$ cat target10.cif   # mmCIF, C-alpha atoms and all ligand atoms
data_target
loop_
_atom_site.label_atom_id
_atom_site.label_comp_id
_atom_site.auth_asym_id
_atom_site.auth_seq_id
_atom_site.Cartn_x
_atom_site.Cartn_y
_atom_site.Cartn_z
CA MET A 1325 61.95 34.39 8.28
CA SER A 1326 62.43 30.90 9.73
CA VAL A 1327 64.59 29.77 12.64
CA LEU A 1328 65.82 26.28 13.43
CA ILE A 1329 67.37 25.52 16.83
CA LEU A 1330 69.33 22.27 17.01
CA ASN A 1331 71.00 20.16 19.72
CA ILE A 1332 68.96 21.70 22.55
CA LYS A 1333 70.02 20.06 25.81
CA GLN A 1334 66.53 20.35 27.31
CA LEU A 1335 63.42 21.75 25.62
CA LEU A 1336 60.99 22.68 28.40
CA GLN A 1337 57.23 22.97 28.69
CA VAL A 1338 56.49 20.85 25.60
CA HIS A 1339 52.79 20.10 25.15
CA ASP A 1340 51.46 18.45 22.00
CA SER A 1341 47.94 19.54 22.89
CA ASN A 1342 47.19 23.14 23.74
CA VAL A 1343 47.20 23.44 27.55
CA THR A 1344 46.14 26.84 28.86
CA ILE A 1345 46.66 26.38 32.63
CA VAL A 1346 48.18 23.83 35.02
CA LYS A 1347 46.75 23.27 38.48
CA GLY A 1348 47.58 21.59 41.77
CA ALA A 1349 49.61 18.35 41.52
CA ASP A 1350 49.96 18.82 37.74
CA MET A 1351 52.20 21.83 38.43
CA LYS A 1352 54.92 19.37 39.49
CA GLU A 1353 55.05 18.08 35.91
CA LEU A 1354 57.21 20.02 33.48
CA PRO A 1355 57.22 18.07 30.21
CA ILE A 1356 60.66 18.15 28.59
CA LEU A 1357 62.45 16.77 25.55
CA GLU A 1358 66.14 15.96 26.03
CA ASN A 1359 68.46 16.60 23.05
CA ALA A 1360 65.82 18.30 20.95
CA TYR A 1361 65.22 20.64 18.05
CA ILE A 1362 62.56 23.26 17.33
CA TYR A 1363 61.57 24.89 14.05
CA ILE A 1364 59.87 28.29 13.86
CA ASP A 1365 58.39 29.92 10.77
CA HIS A 1366 57.61 33.63 11.00
CA ASP A 1367 56.07 33.99 14.47
CA THR A 1368 54.83 30.43 14.93
CA ILE A 1369 56.15 27.19 16.40
CA ILE A 1370 55.85 24.71 13.55
CA GLU A 1371 57.71 21.60 14.66
CA TYR A 1372 59.88 20.17 17.42
CA GLY A 1373 61.14 16.78 18.45
CA LYS A 1374 64.14 14.76 19.56
CA MET A 1375 67.39 15.11 17.59
CA GLU A 1376 67.34 11.36 16.92
CA ASP A 1377 64.15 11.91 14.91
CA TYR A 1378 65.35 15.10 13.19
CA GLN A 1379 65.27 15.14 9.40
CA THR A 1380 66.82 18.05 7.53
CA ILE A 1381 64.74 21.23 7.57
CA GLU A 1382 65.76 24.32 5.56
CA ALA A 1383 65.76 27.54 7.61
CA ASP A 1384 66.96 31.15 7.23
CA THR A 1385 68.76 30.99 10.58
CA ILE A 1386 70.17 27.90 12.27
CA ILE A 1387 71.20 28.06 15.92
CA ASP A 1388 73.30 25.39 17.59
CA ALA A 1389 72.07 25.21 21.20
CA THR A 1390 74.49 22.53 22.38
CA GLY A 1391 74.52 22.51 26.19
CA LYS A 1392 71.70 25.06 26.44
CA ILE A 1393 68.08 24.97 27.59
CA VAL A 1394 65.17 26.35 25.55
CA LEU A 1395 61.91 27.29 27.22
CA PRO A 1396 58.93 29.62 26.69
CA SER A 1397 59.85 33.19 27.59
CA TRP A 1398 58.63 34.47 30.95
CA CYS A 1399 55.04 35.71 31.16
CA ASP A 1400 55.00 38.48 33.78
CA SER A 1401 51.32 38.98 34.55
CA HIS A 1402 51.54 41.82 37.10
CA THR A 1403 53.63 44.97 36.64
CA HIS A 1404 53.46 48.74 37.00
CA ILE A 1405 56.44 49.55 34.74
CA VAL A 1406 55.03 52.83 33.46
CA TYR A 1407 56.09 55.24 36.20
CA ALA A 1408 58.14 58.39 36.52
CA GLY A 1409 61.41 58.68 38.44
CA ASP A 1410 61.87 56.42 41.44
CA ARG A 1411 61.29 56.26 45.20
CA THR A 1412 64.83 55.68 46.44
CA SER A 1413 64.45 58.20 49.27
CA GLU A 1414 61.47 56.23 50.66
CA PHE A 1415 63.59 53.09 50.35
CA VAL A 1416 66.24 54.68 52.57
CA ASP A 1417 63.53 55.86 55.02
CA ARG A 1418 62.24 52.28 55.27
CA ILE A 1419 65.74 50.98 55.98
CA LYS A 1420 65.85 53.46 58.86
CA GLY A 1421 62.61 52.03 60.25
CA VAL A 1422 59.73 54.02 58.75
CA SER A 1423 57.06 51.60 57.53
CA TYR A 1424 55.50 51.44 54.04
CA ALA A 1425 52.14 52.39 55.63
CA GLU A 1426 53.65 55.36 57.52
CA ILE A 1427 55.20 56.66 54.31
CA ALA A 1428 51.85 56.34 52.51
CA ASN A 1429 49.95 58.01 55.35
CA LYS A 1430 52.21 61.06 55.08
CA GLY A 1431 51.29 61.46 51.39
CA GLY A 1432 54.27 59.48 50.10
CA GLY A 1433 54.07 56.11 48.38
CA ILE A 1434 51.68 55.83 45.44
CA LEU A 1435 50.65 59.51 45.79
CA ASN A 1436 54.31 60.52 45.57
CA SER A 1437 54.68 58.62 42.27
CA ALA A 1438 51.37 60.09 41.02
CA LYS A 1439 52.51 63.67 41.73
CA LEU A 1440 55.68 63.08 39.74
CA LEU A 1441 53.95 61.28 36.86
CA GLN A 1442 51.36 64.06 36.50
CA LYS A 1443 54.17 66.58 35.90
CA THR A 1444 56.20 64.31 33.60
CA SER A 1445 55.73 64.71 29.86
CA GLU A 1446 54.32 61.79 27.90
CA GLU A 1447 57.57 61.54 25.90
CA ILE A 1448 59.79 61.30 29.00
CA LEU A 1449 57.39 58.82 30.60
CA TYR A 1450 57.53 56.72 27.45
CA LYS A 1451 61.33 56.78 27.37
CA GLN A 1452 61.67 55.84 31.05
CA SER A 1453 59.16 53.02 30.64
CA LEU A 1454 60.70 51.71 27.41
CA LYS A 1455 64.06 51.44 29.17
CA ARG A 1456 62.45 49.19 31.81
CA LEU A 1457 60.64 47.17 29.17
CA ASP A 1458 63.85 46.59 27.19
CA GLU A 1459 65.63 45.61 30.39
CA ILE A 1460 63.03 42.95 31.29
CA ILE A 1461 62.93 41.59 27.73
CA ALA A 1462 66.71 41.08 27.89
CA MET A 1463 66.15 39.07 31.08
CA GLY A 1464 63.70 36.76 29.32
CA THR A 1465 60.27 38.34 29.61
CA GLY A 1466 58.29 38.04 26.37
CA ALA A 1467 54.80 38.98 27.59
CA VAL A 1468 53.91 41.48 30.27
CA GLU A 1469 50.84 43.03 31.85
CA ILE A 1470 51.17 46.77 32.58
CA LYS A 1471 48.87 48.68 34.94
CA THR A 1472 48.01 52.34 35.20
CA GLY A 1473 47.47 53.73 38.71
CA TYR A 1474 50.13 56.44 39.03
CA GLY A 1475 47.94 58.96 37.20
CA LEU A 1476 44.84 59.17 39.42
CA THR A 1477 43.30 61.89 37.22
CA LEU A 1478 41.55 61.34 33.90
CA ASP A 1479 44.35 63.12 32.04
CA ALA A 1480 47.20 61.32 33.75
CA GLU A 1481 45.57 57.87 33.61
CA LEU A 1482 44.95 58.35 29.88
CA LYS A 1483 48.55 59.50 29.49
CA MET A 1484 49.66 56.22 31.08
CA LEU A 1485 47.34 54.22 28.84
CA ARG A 1486 48.69 55.98 25.75
CA VAL A 1487 52.25 55.22 26.85
CA ILE A 1488 51.30 51.55 27.30
CA LYS A 1489 49.68 51.59 23.85
CA ARG A 1490 52.85 53.06 22.32
CA LEU A 1491 55.03 50.48 24.08
CA LYS A 1492 52.73 47.82 22.67
CA ARG A 1493 53.08 49.24 19.17
CA GLU A 1494 56.81 49.92 19.22
CA SER A 1495 58.16 47.01 21.24
CA LEU A 1496 58.11 43.36 20.28
CA ALA A 1497 56.88 42.30 23.73
CA ILE A 1498 53.29 41.19 24.09
CA ILE A 1499 51.59 43.69 26.40
CA THR A 1500 48.21 43.58 28.15
CA PRO A 1501 46.99 46.91 29.60
CA THR A 1502 45.05 47.18 32.87
CA LEU A 1503 43.21 50.22 34.23
CA LEU A 1504 44.11 50.71 37.91
CA ALA A 1505 42.68 54.16 38.61
CA ALA A 1506 41.61 52.74 42.00
CA HIS A 1507 45.21 52.45 43.19
CA ALA A 1508 45.04 55.15 45.90
CA ILE A 1509 42.77 57.97 46.95
CA PRO A 1510 44.19 61.25 45.55
CA SER A 1511 44.76 63.93 48.22
CA GLU A 1512 42.08 66.21 46.75
CA PHE A 1513 39.55 63.39 47.41
CA LYS A 1514 40.95 62.48 50.86
CA THR A 1515 37.73 63.26 52.71
CA LYS A 1516 35.42 62.38 49.82
CA LYS A 1517 36.46 58.95 48.66
CA GLN A 1518 32.98 58.24 47.24
CA ASP A 1519 33.42 61.16 44.85
CA TYR A 1520 36.64 59.61 43.55
CA ILE A 1521 34.88 56.26 43.07
CA LYS A 1522 32.14 58.07 41.16
CA TYR A 1523 34.83 59.77 39.05
CA ILE A 1524 36.34 56.36 38.27
CA THR A 1525 33.03 54.62 37.50
CA GLU A 1526 31.37 57.47 35.61
CA GLU A 1527 34.28 59.14 33.82
CA LEU A 1528 37.48 57.14 33.77
CA ILE A 1529 36.09 53.69 33.00
CA PRO A 1530 33.71 54.89 30.24
CA LYS A 1531 36.51 56.96 28.64
CA ALA A 1532 39.06 54.12 28.73
CA ALA A 1533 36.43 51.76 27.31
CA GLU A 1534 35.49 54.20 24.55
CA LEU A 1535 39.15 54.40 23.50
CA HIS A 1536 39.56 50.57 23.66
CA ILE A 1537 42.78 51.19 25.49
CA ALA A 1538 42.53 48.80 28.49
CA ASN A 1539 41.68 45.09 28.69
CA TYR A 1540 41.32 44.68 32.44
CA ILE A 1541 40.17 46.58 35.52
CA ASP A 1542 42.12 46.53 38.79
CA VAL A 1543 41.48 47.83 42.32
CA PHE A 1544 43.82 47.98 45.32
CA CYS A 1545 41.40 46.32 47.77
CA GLU A 1546 43.08 47.11 51.07
CA GLU A 1547 42.58 48.93 54.38
CA GLY A 1548 43.20 52.65 53.85
CA TYR A 1549 42.64 52.30 50.10
CA PHE A 1550 39.47 50.69 48.68
CA ASP A 1551 37.23 48.55 50.88
CA ILE A 1552 35.09 45.68 49.70
CA ASN A 1553 32.08 47.88 48.81
CA ASP A 1554 34.26 50.34 46.91
CA THR A 1555 35.88 47.45 45.08
CA GLU A 1556 32.51 45.96 44.17
CA ALA A 1557 31.26 49.29 42.80
CA ILE A 1558 34.33 49.55 40.56
CA LEU A 1559 34.20 45.92 39.39
CA LYS A 1560 30.49 46.34 38.59
CA ALA A 1561 31.21 49.45 36.50
CA GLY A 1562 34.08 47.67 34.76
CA LYS A 1563 31.81 44.73 33.95
CA ASN A 1564 29.36 47.06 32.20
CA TYR A 1565 32.20 47.99 29.86
CA ASN A 1566 33.54 44.42 29.44
CA LEU A 1567 36.61 45.09 31.57
CA LYS A 1568 37.42 41.84 33.37
CA PRO A 1569 38.92 42.18 36.87
CA LYS A 1570 42.53 41.45 37.85
CA ILE A 1571 42.75 42.74 41.39
CA HIS A 1572 45.17 43.55 44.22
CA VAL A 1573 43.92 41.67 47.30
CA ASN A 1574 45.18 40.39 50.68
CA GLN A 1575 48.50 42.26 50.60
CA PHE A 1576 48.30 43.41 54.22
CA ASN A 1577 44.74 42.54 55.31
CA ILE A 1578 42.05 40.05 54.41
CA LEU A 1579 38.92 41.98 53.43
CA GLY A 1580 37.12 39.30 51.40
CA GLY A 1581 38.53 40.54 48.10
CA ILE A 1582 39.25 37.03 46.83
CA ALA A 1583 35.62 35.88 47.11
CA LEU A 1584 34.53 39.17 45.55
CA GLY A 1585 36.98 38.69 42.68
CA VAL A 1586 35.63 35.18 42.08
CA LYS A 1587 32.06 36.53 42.19
CA TYR A 1588 32.98 38.94 39.36
CA ASN A 1589 34.83 36.19 37.47
CA ALA A 1590 38.20 37.89 37.92
CA LEU A 1591 40.94 36.56 35.69
CA SER A 1592 43.37 36.80 38.61
CA VAL A 1593 43.63 37.78 42.26
CA ASP A 1594 47.11 39.03 43.05
CA HIS A 1595 49.40 39.40 46.13
CA LEU A 1596 47.81 37.07 48.74
CA GLU A 1597 50.59 37.58 51.27
CA GLU A 1598 47.74 37.08 53.75
CA LEU A 1599 45.49 34.09 53.15
CA ASN A 1600 42.83 32.11 55.03
CA GLU A 1601 40.77 28.96 54.50
CA ASP A 1602 37.77 30.93 53.18
CA ASP A 1603 39.99 32.36 50.45
CA ILE A 1604 41.05 28.87 49.37
CA VAL A 1605 37.43 27.68 49.36
CA ALA A 1606 36.40 30.69 47.28
CA LEU A 1607 39.04 29.92 44.65
CA LYS A 1608 38.11 26.25 44.28
CA ASP A 1609 36.11 25.49 41.12
CA SER A 1610 36.61 29.04 39.88
CA GLU A 1611 38.35 30.29 36.74
CA THR A 1612 40.28 32.86 38.79
CA ILE A 1613 44.01 32.24 39.14
CA PRO A 1614 45.90 33.37 42.27
CA VAL A 1615 49.13 35.25 41.56
CA ALA A 1616 52.01 35.46 44.03
CA LEU A 1617 54.47 38.37 43.97
CA PRO A 1618 57.54 37.26 45.93
CA GLY A 1619 59.58 40.34 44.90
CA CYS A 1620 57.17 42.51 46.89
CA SER A 1621 57.46 40.27 49.97
CA TYR A 1622 61.25 40.42 49.66
CA PHE A 1623 61.46 44.18 49.23
CA LEU A 1624 58.90 45.10 51.93
CA SER A 1625 59.83 42.26 54.31
CA ILE A 1626 56.23 41.10 54.50
CA PRO A 1627 55.05 37.44 54.51
CA TYR A 1628 55.46 35.36 51.36
CA THR A 1629 52.31 33.98 49.75
CA LYS A 1630 51.58 30.48 51.02
CA ALA A 1631 52.03 28.80 47.67
CA ARG A 1632 52.04 25.30 49.13
CA GLN A 1633 48.62 25.83 50.69
CA LEU A 1634 47.22 26.98 47.32
CA ILE A 1635 48.85 24.32 45.14
CA ASP A 1636 48.25 21.49 47.62
CA ALA A 1637 44.56 22.46 47.59
CA GLY A 1638 44.56 21.66 43.87
CA LEU A 1639 44.65 25.29 42.73
CA PRO A 1640 46.76 26.83 39.96
CA LEU A 1641 49.31 29.54 40.80
CA ALA A 1642 51.12 32.15 38.72
CA ILE A 1643 54.12 34.21 39.83
CA ALA A 1644 54.95 37.74 38.68
CA THR A 1645 57.35 40.57 39.48
CA ASP A 1646 54.96 43.39 40.51
CA TYR A 1647 57.70 45.67 39.04
CA ASN A 1648 56.88 49.12 40.52
CA PRO A 1649 58.77 51.98 42.20
CA GLY A 1650 57.46 51.41 45.74
CA SER A 1651 57.18 47.77 46.67
CA SER A 1652 59.16 45.87 44.03
CA PRO A 1653 61.54 47.91 41.87
CA SER A 1654 62.76 44.95 39.82
CA GLY A 1655 61.34 43.14 36.81
CA ASN A 1656 63.74 40.19 36.90
CA MET A 1657 61.59 37.08 36.43
CA ASN A 1658 64.65 34.85 36.90
CA PHE A 1659 64.89 36.12 40.47
CA ILE A 1660 61.12 35.62 40.93
CA VAL A 1661 61.40 31.98 39.80
CA SER A 1662 64.24 31.51 42.28
CA ALA A 1663 62.37 33.25 45.12
CA ALA A 1664 59.35 31.05 44.39
CA CYS A 1665 61.55 28.00 45.02
CA VAL A 1666 63.46 29.32 48.01
CA LYS A 1667 60.72 31.27 49.80
CA LEU A 1668 57.44 29.84 48.52
CA LYS A 1669 58.78 26.27 48.65
CA MET A 1670 57.82 25.56 45.07
CA THR A 1671 59.80 23.02 43.08
CA PRO A 1672 61.63 24.31 39.98
CA GLU A 1673 58.97 22.60 37.86
CA GLU A 1674 56.15 24.37 39.73
CA ALA A 1675 57.94 27.71 39.56
CA ILE A 1676 58.57 27.42 35.81
CA ASN A 1677 54.93 26.45 35.23
CA ALA A 1678 53.86 29.44 37.34
CA ALA A 1679 56.10 31.81 35.33
CA THR A 1680 55.19 30.54 31.86
CA ILE A 1681 51.84 28.90 31.09
CA ASN A 1682 50.09 30.12 34.27
CA GLY A 1683 51.50 33.63 33.85
CA ALA A 1684 50.10 33.62 30.33
CA TYR A 1685 46.72 32.46 31.70
CA ALA A 1686 46.77 35.38 34.17
CA MET A 1687 47.02 37.73 31.16
CA GLY A 1688 44.37 35.93 29.10
CA ILE A 1689 46.86 34.88 26.42
CA SER A 1690 47.64 31.24 27.26
CA ASN A 1691 45.93 29.94 24.13
CA MET A 1692 48.85 31.47 22.16
CA TYR A 1693 51.73 31.83 24.66
CA GLY A 1694 53.35 30.06 27.59
CA SER A 1695 54.14 26.60 26.20
CA ILE A 1696 56.03 24.91 23.39
CA THR A 1697 53.10 23.74 21.31
CA ARG A 1698 52.73 23.51 17.53
CA GLY A 1699 50.76 26.55 16.35
CA LYS A 1700 51.56 28.70 19.38
CA LYS A 1701 53.60 31.89 19.05
CA ALA A 1702 57.38 31.49 19.20
CA ASN A 1703 58.33 33.39 22.37
CA LEU A 1704 61.42 31.63 23.65
CA ILE A 1705 64.44 31.89 25.91
CA ILE A 1706 67.72 30.21 25.01
CA THR A 1707 69.78 29.95 28.19
CA LYS A 1708 73.50 30.12 28.70
CA PRO A 1709 75.07 26.65 28.87
CA MET A 1710 73.91 24.69 31.93
CA ASP A 1711 73.51 21.06 32.93
CA HIS A 1712 69.89 21.18 34.07
CA TYR A 1713 67.01 23.64 34.13
CA SER A 1714 67.06 23.61 37.96
CA GLU A 1715 70.12 25.86 37.67
CA ILE A 1716 67.80 28.69 36.60
CA PRO A 1717 66.37 29.11 40.12
CA TYR A 1718 69.37 27.59 41.91
CA ALA A 1719 71.95 30.16 40.88
CA TYR A 1720 69.81 33.04 42.14
CA ALA A 1721 70.42 36.63 41.00
CA HIS A 1722 72.43 35.57 37.98
CA ASN A 1723 71.16 36.06 34.45
CA PRO A 1724 70.68 32.64 32.85
CA VAL A 1725 69.37 34.17 29.60
CA GLU A 1726 71.61 34.14 26.51
CA GLN A 1727 69.10 34.92 23.77
CA VAL A 1728 65.47 35.89 23.56
CA ILE A 1729 63.08 35.19 20.67
CA ILE A 1730 59.80 37.10 20.54
CA ASN A 1731 57.17 36.23 17.97
CA GLY A 1732 59.86 34.43 16.00
CA GLN A 1733 62.28 37.38 15.97
CA LEU A 1734 65.77 36.98 17.40
CA LEU A 1735 66.75 39.74 19.82
N1 LIG B 1 49.96 47.40 46.40
C1 LIG B 1 49.67 48.21 45.56
N2 LIG B 1 50.37 48.56 44.48
C2 LIG B 1 51.73 48.21 44.24
C3 LIG B 1 52.69 49.09 44.98
C4 LIG B 1 52.55 50.49 44.59
C5 LIG B 1 53.60 51.42 45.11
O1 LIG B 1 54.06 51.34 46.26
O2 LIG B 1 53.95 52.29 44.31
C6 LIG B 1 51.94 46.76 44.56
O3 LIG B 1 51.30 45.95 43.91
O4 LIG B 1 52.72 46.38 45.44
ZN ZN B 2 50.86 45.61 41.98
#
$ encode --input "target10.cif" --output "structure tokens"
Amino acid sequence: MSVLILNIKQLLQVHDSNVTIVKGADMKELPILENAYIYIDHDTIIEYGKMEDYQTIEADTIIDATGKIVLPSWCDSHTHIVYAGDRTSEFVDRIKGVSYAEIANKGGGILNSAKLLQKTSEEILYKQSLKRLDEIIAMGTGAVEIKTGYGLTLDAELKMLRVIKRLKRESLAIITPTLLAAHAIPSEFKTKKQDYIKYITEELIPKAAELHIANYIDVFCEEGYFDINDTEAILKAGKNYNLKPKIHVNQFNILGGIALGVKYNALSVDHLEELNEDDIVALKDSETIPVALPGCSYFLSIPYTKARQLIDAGLPLAIATDYNPGSSPSGNMNFIVSAACVKLKMTPEEAINAATINGAYAMGISNMYGSITRGKKANLIITKPMDHYSEIPYAYAHNPVEQVIINGQLL
């Protein structure tokens, strides 16, 4: 199966050499080809160039993209899309003035989702999750990280991991699974948190590793959840089983989770609604990418990550949806790109870099995804007609996506 796309108004994120991350001032550069073509064979990008240099190529499918933009599909590096039901009643409570923390302290929040997921059959959980996955693919997401963390027992966490594995097998999307058993302290461990940490480090992590069912380890490093020592114990155990960290840090409080993440060579440190100079210093010269989640800031009315401070310090930045039932019940990366521009003061070029190549880096897949490069996998978005790619973030809350291609397959 081969696909040829002709007359592309703007082909974005074109790199002849294989970039895997863009940092600091380089994030302002979004290499583009005006009036271009691209040729895909099976799942691979074979050739691209300007229409003026195009010489006839035979292909099974030919698409005329006159007036349209083509870019790498979105790489959403932080989601929790495997969950049961929803938390609309908590949403209404928050509108009436109850805070996210108050809801959690009364046994709601993550524990509420965990209670429901534990009683939900694997089949129903799969169907509910697949619906969300299909919905985000249609909005342009081609690669997505999915976390556990609404199980909180060995059985329920493994159920989540099996659902993620099945999604990976049965959907075209590229999926990276992350074990987030340290998402909240289950009520039965309320007064014995250390026992839950022991359960995670001695039972859950070894079992997940034995089944080769998770790539990364995550911890919600936050006041009232897991402190810095708890987080270190879990990262250490993960390291023994080759689970690299991708952690939740600095959402409400700064506990030193960023420096700890860097110490354990985390692939990413995510949230960062709160940020200080020490955090920036810790990230410099590291291989850890910060990830901002503007959908969570929007939905919870908490500060937006100071993207300018990070990028202007020469650091890379990725953006992701954090799609989950409590703090960000949307997986629309188009909105996230727009929010990055409007609220994080990123230029469209920076936001698109953050949502493509840097998102791929934050999932450990940027050697194969996230840019238009010969030899990389063909995960692409073809937009609706528009004059310039800046319309993607400009016309917020619309759907700019006309067609999605994943691993060379037209959807
Ligand atoms: N902060 C921790 N975890 C999720 C929210 C979980 C929930 O409220 O269900 C997040 O990334 O925002
Ligand atoms: Zn999250």
$ residues_around --input "target10.cif" --residues "region 1376-1388 of chain A" --least-positions-apart "3" --cutoff "8 Å" --atoms "only C-alpha atoms" --output "PyMOL selection string"
chain A and resi 1325-1332+1361+1373
$ residues_around --input "target10.cif" --residues "Cys1399 (chain A)" --least-positions-apart "4" --cutoff "7 Å" --atoms "only C-alpha atoms" --output "PDB file with C-alpha atoms, in the frame of the given file"
ATOM      1  CA  THR A1465      60.270  38.340  29.610  1.00  0.00           C
ATOM      2  CA  GLY A1466      58.290  38.040  26.370  1.00  0.00           C
ATOM      3  CA  ALA A1467      54.800  38.980  27.590  1.00  0.00           C
ATOM      4  CA  VAL A1468      53.910  41.480  30.270  1.00  0.00           C
ATOM      5  CA  ALA A1679      56.100  31.810  35.330  1.00  0.00           C
ATOM      6  CA  THR A1680      55.190  30.540  31.860  1.00  0.00           C
ATOM      7  CA  GLY A1683      51.500  33.630  33.850  1.00  0.00           C
ATOM      8  CA  ALA A1684      50.100  33.620  30.330  1.00  0.00           C
ATOM      9  CA  GLY A1694      53.350  30.060  27.590  1.00  0.00           C
TER      10      GLY A1694
END
$ residues_near_ligand --input "target10.cif" --ligand "ligand ZN 2 (chain B)" --cutoff "10 Å" --atoms "all atoms listed in the file" --output "PyMOL selection string"
chain A and resi 1401-1405+1470-1473+1504+1507+1542-1544+1571-1573+1575+1594-1595+1617+1620+1644-1648+1650-1652
$ write_last_selection --input "target10.cif" --atoms "C-alpha atoms" --output "mmCIF file, in the coordinates of the input"
data_model
loop_
_atom_site.group_PDB
_atom_site.id
_atom_site.type_symbol
_atom_site.label_atom_id
_atom_site.label_comp_id
_atom_site.auth_asym_id
_atom_site.auth_seq_id
_atom_site.Cartn_x
_atom_site.Cartn_y
_atom_site.Cartn_z
ATOM 1 C CA SER A 1401 51.320 38.980 34.550
ATOM 2 C CA HIS A 1402 51.540 41.820 37.100
ATOM 3 C CA THR A 1403 53.630 44.970 36.640
ATOM 4 C CA HIS A 1404 53.460 48.740 37.000
ATOM 5 C CA ILE A 1405 56.440 49.550 34.740
ATOM 6 C CA ILE A 1470 51.170 46.770 32.580
ATOM 7 C CA LYS A 1471 48.870 48.680 34.940
ATOM 8 C CA THR A 1472 48.010 52.340 35.200
ATOM 9 C CA GLY A 1473 47.470 53.730 38.710
ATOM 10 C CA LEU A 1504 44.110 50.710 37.910
ATOM 11 C CA HIS A 1507 45.210 52.450 43.190
ATOM 12 C CA ASP A 1542 42.120 46.530 38.790
ATOM 13 C CA VAL A 1543 41.480 47.830 42.320
ATOM 14 C CA PHE A 1544 43.820 47.980 45.320
ATOM 15 C CA ILE A 1571 42.750 42.740 41.390
ATOM 16 C CA HIS A 1572 45.170 43.550 44.220
ATOM 17 C CA VAL A 1573 43.920 41.670 47.300
ATOM 18 C CA GLN A 1575 48.500 42.260 50.600
ATOM 19 C CA ASP A 1594 47.110 39.030 43.050
ATOM 20 C CA HIS A 1595 49.400 39.400 46.130
ATOM 21 C CA LEU A 1617 54.470 38.370 43.970
ATOM 22 C CA CYS A 1620 57.170 42.510 46.890
ATOM 23 C CA ALA A 1644 54.950 37.740 38.680
ATOM 24 C CA THR A 1645 57.350 40.570 39.480
ATOM 25 C CA ASP A 1646 54.960 43.390 40.510
ATOM 26 C CA TYR A 1647 57.700 45.670 39.040
ATOM 27 C CA ASN A 1648 56.880 49.120 40.520
ATOM 28 C CA GLY A 1650 57.460 51.410 45.740
ATOM 29 C CA SER A 1651 57.180 47.770 46.670
ATOM 30 C CA SER A 1652 59.160 45.870 44.030
#
$ residues_around --input "target10.cif" --residues "Ala1408 (chain A)" --least-positions-apart "4" --cutoff "10 Å" --atoms "only C-alpha atoms" --output "list in words"
Ser1437, Ala1438, Lys1439, Leu1440, Leu1441, Gln1442, Lys1443, Thr1444, Ser1445, Ile1448, Leu1449, Tyr1450, Lys1451, Gln1452, Ser1453, Tyr1474 and Pro1649 of chain A
$ atom_distance --input "target10.cif" --atom1 "CA of Glu1527 (chain A)" --atom2 "CA of Ala1480 (chain A)"
13.1 Å
$ residues_near_point --input "target10.cif" --point "(28.3, 51.4, 35.4)" --cutoff "10 Å" --atoms "only C-alpha atoms" --output "NGL selection string"
:A and (1522 or 1524-1527 or 1529-1530 or 1557-1565)
$ axis_aligned_box --input "target10.cif" --around "region 1628-1641 of chain A" --padding-each-side "4 Å" --output "AutoDock Vina command-line options"
--center_x 50.0 --center_y 28.4 --center_z 45.7 --size_x 18.9 --size_y 21.9 --size_z 19.4
$ atom_distance --input "target10.cif" --atom1 "CA of Gly1475 (chain A)" --atom2 "CA of Thr1555 (chain A)"
18.4 Å
$ closest_atom_pairs --input "target10.cif" --of "region 1502-1603 of chain A" --to "region 1484-1495 of chain A" --cutoff "9 Å" --atoms "only C-alpha atoms" --output "JSON lines"
{"residue": "A:Thr1502", "atom": "CA", "partner": "A:Leu1485", "partner_atom": "CA", "distance": 8.4}
{"residue": "A:Leu1503", "atom": "CA", "partner": "A:Leu1485", "partner_atom": "CA", "distance": 7.9}
{"residue": "A:Ala1532", "atom": "CA", "partner": "A:Leu1485", "partner_atom": "CA", "distance": 8.3}
{"residue": "A:Ile1537", "atom": "CA", "partner": "A:Leu1485", "partner_atom": "CA", "distance": 6.4}
{"residue": "A:Ala1538", "atom": "CA", "partner": "A:Leu1485", "partner_atom": "CA", "distance": 7.3}
$ residues_around --input "target10.cif" --residues "region 1394-1396 of chain A" --least-positions-apart "5" --cutoff "6 Å" --atoms "only C-alpha atoms" --output "list in words"
Leu1335, Leu1336, Gly1694, Ser1695, Asn1703, Leu1704, Ile1705 and Ile1706 of chain A
$ atom_distance --input "target10.cif" --atom1 "CA of Asn1539 (chain A)" --atom2 "CA of Lys1517 (chain A)"
24.9 Å
$ residues_around --input "target10.cif" --residues "region 1657-1669 of chain A" --least-positions-apart "2" --cutoff "9 Å" --atoms "all atoms listed in the file" --output "PyMOL selection string"
chain A and resi 1398-1400+1460+1463-1465+1616-1619+1622+1628-1632+1643-1645+1654-1655+1671-1672+1674-1676+1678-1679+1716-1725
$ closest_residue --input "target10.cif" --among "A:Glu1353, A:Glu1481, A:Asp1519, A:Glu1546" --to "ligand LIG 1 (chain B)" --atoms "only C-alpha atoms and all ligand atoms"
A:Glu1546
$ residues_near_point --input "target10.cif" --point "(47.8, 39.8, 50.8)" --cutoff "7 Å" --atoms "all atoms listed in the file" --output "list of chain:residue names"
A:Val1573, A:Asn1574, A:Gln1575, A:Phe1576, A:Asn1577, A:Ile1578, A:His1595, A:Leu1596, A:Glu1597, A:Glu1598, A:Leu1599
$ decode --input "target10.cif" --residues "region 1508-1517 of chain A" --atoms "C-alpha atoms" --output "mmCIF file, in the first residue's frame"
data_model
loop_
_atom_site.group_PDB
_atom_site.id
_atom_site.type_symbol
_atom_site.label_atom_id
_atom_site.label_comp_id
_atom_site.auth_asym_id
_atom_site.auth_seq_id
_atom_site.Cartn_x
_atom_site.Cartn_y
_atom_site.Cartn_z
ATOM 1 C CA ALA A 1508 -3.265 7.857 45.374
ATOM 2 C CA ILE A 1509 -3.247 6.063 48.697
ATOM 3 C CA PRO A 1510 -6.151 3.557 48.734
ATOM 4 C CA SER A 1511 -8.513 3.997 51.712
ATOM 5 C CA GLU A 1512 -7.544 0.617 53.192
ATOM 6 C CA PHE A 1513 -3.944 1.929 53.422
ATOM 7 C CA LYS A 1514 -4.934 5.411 54.670
ATOM 8 C CA THR A 1515 -3.041 5.111 57.947
ATOM 9 C CA LYS A 1516 -0.336 2.808 56.606
ATOM 10 C CA LYS A 1517 1.003 4.453 53.497
#
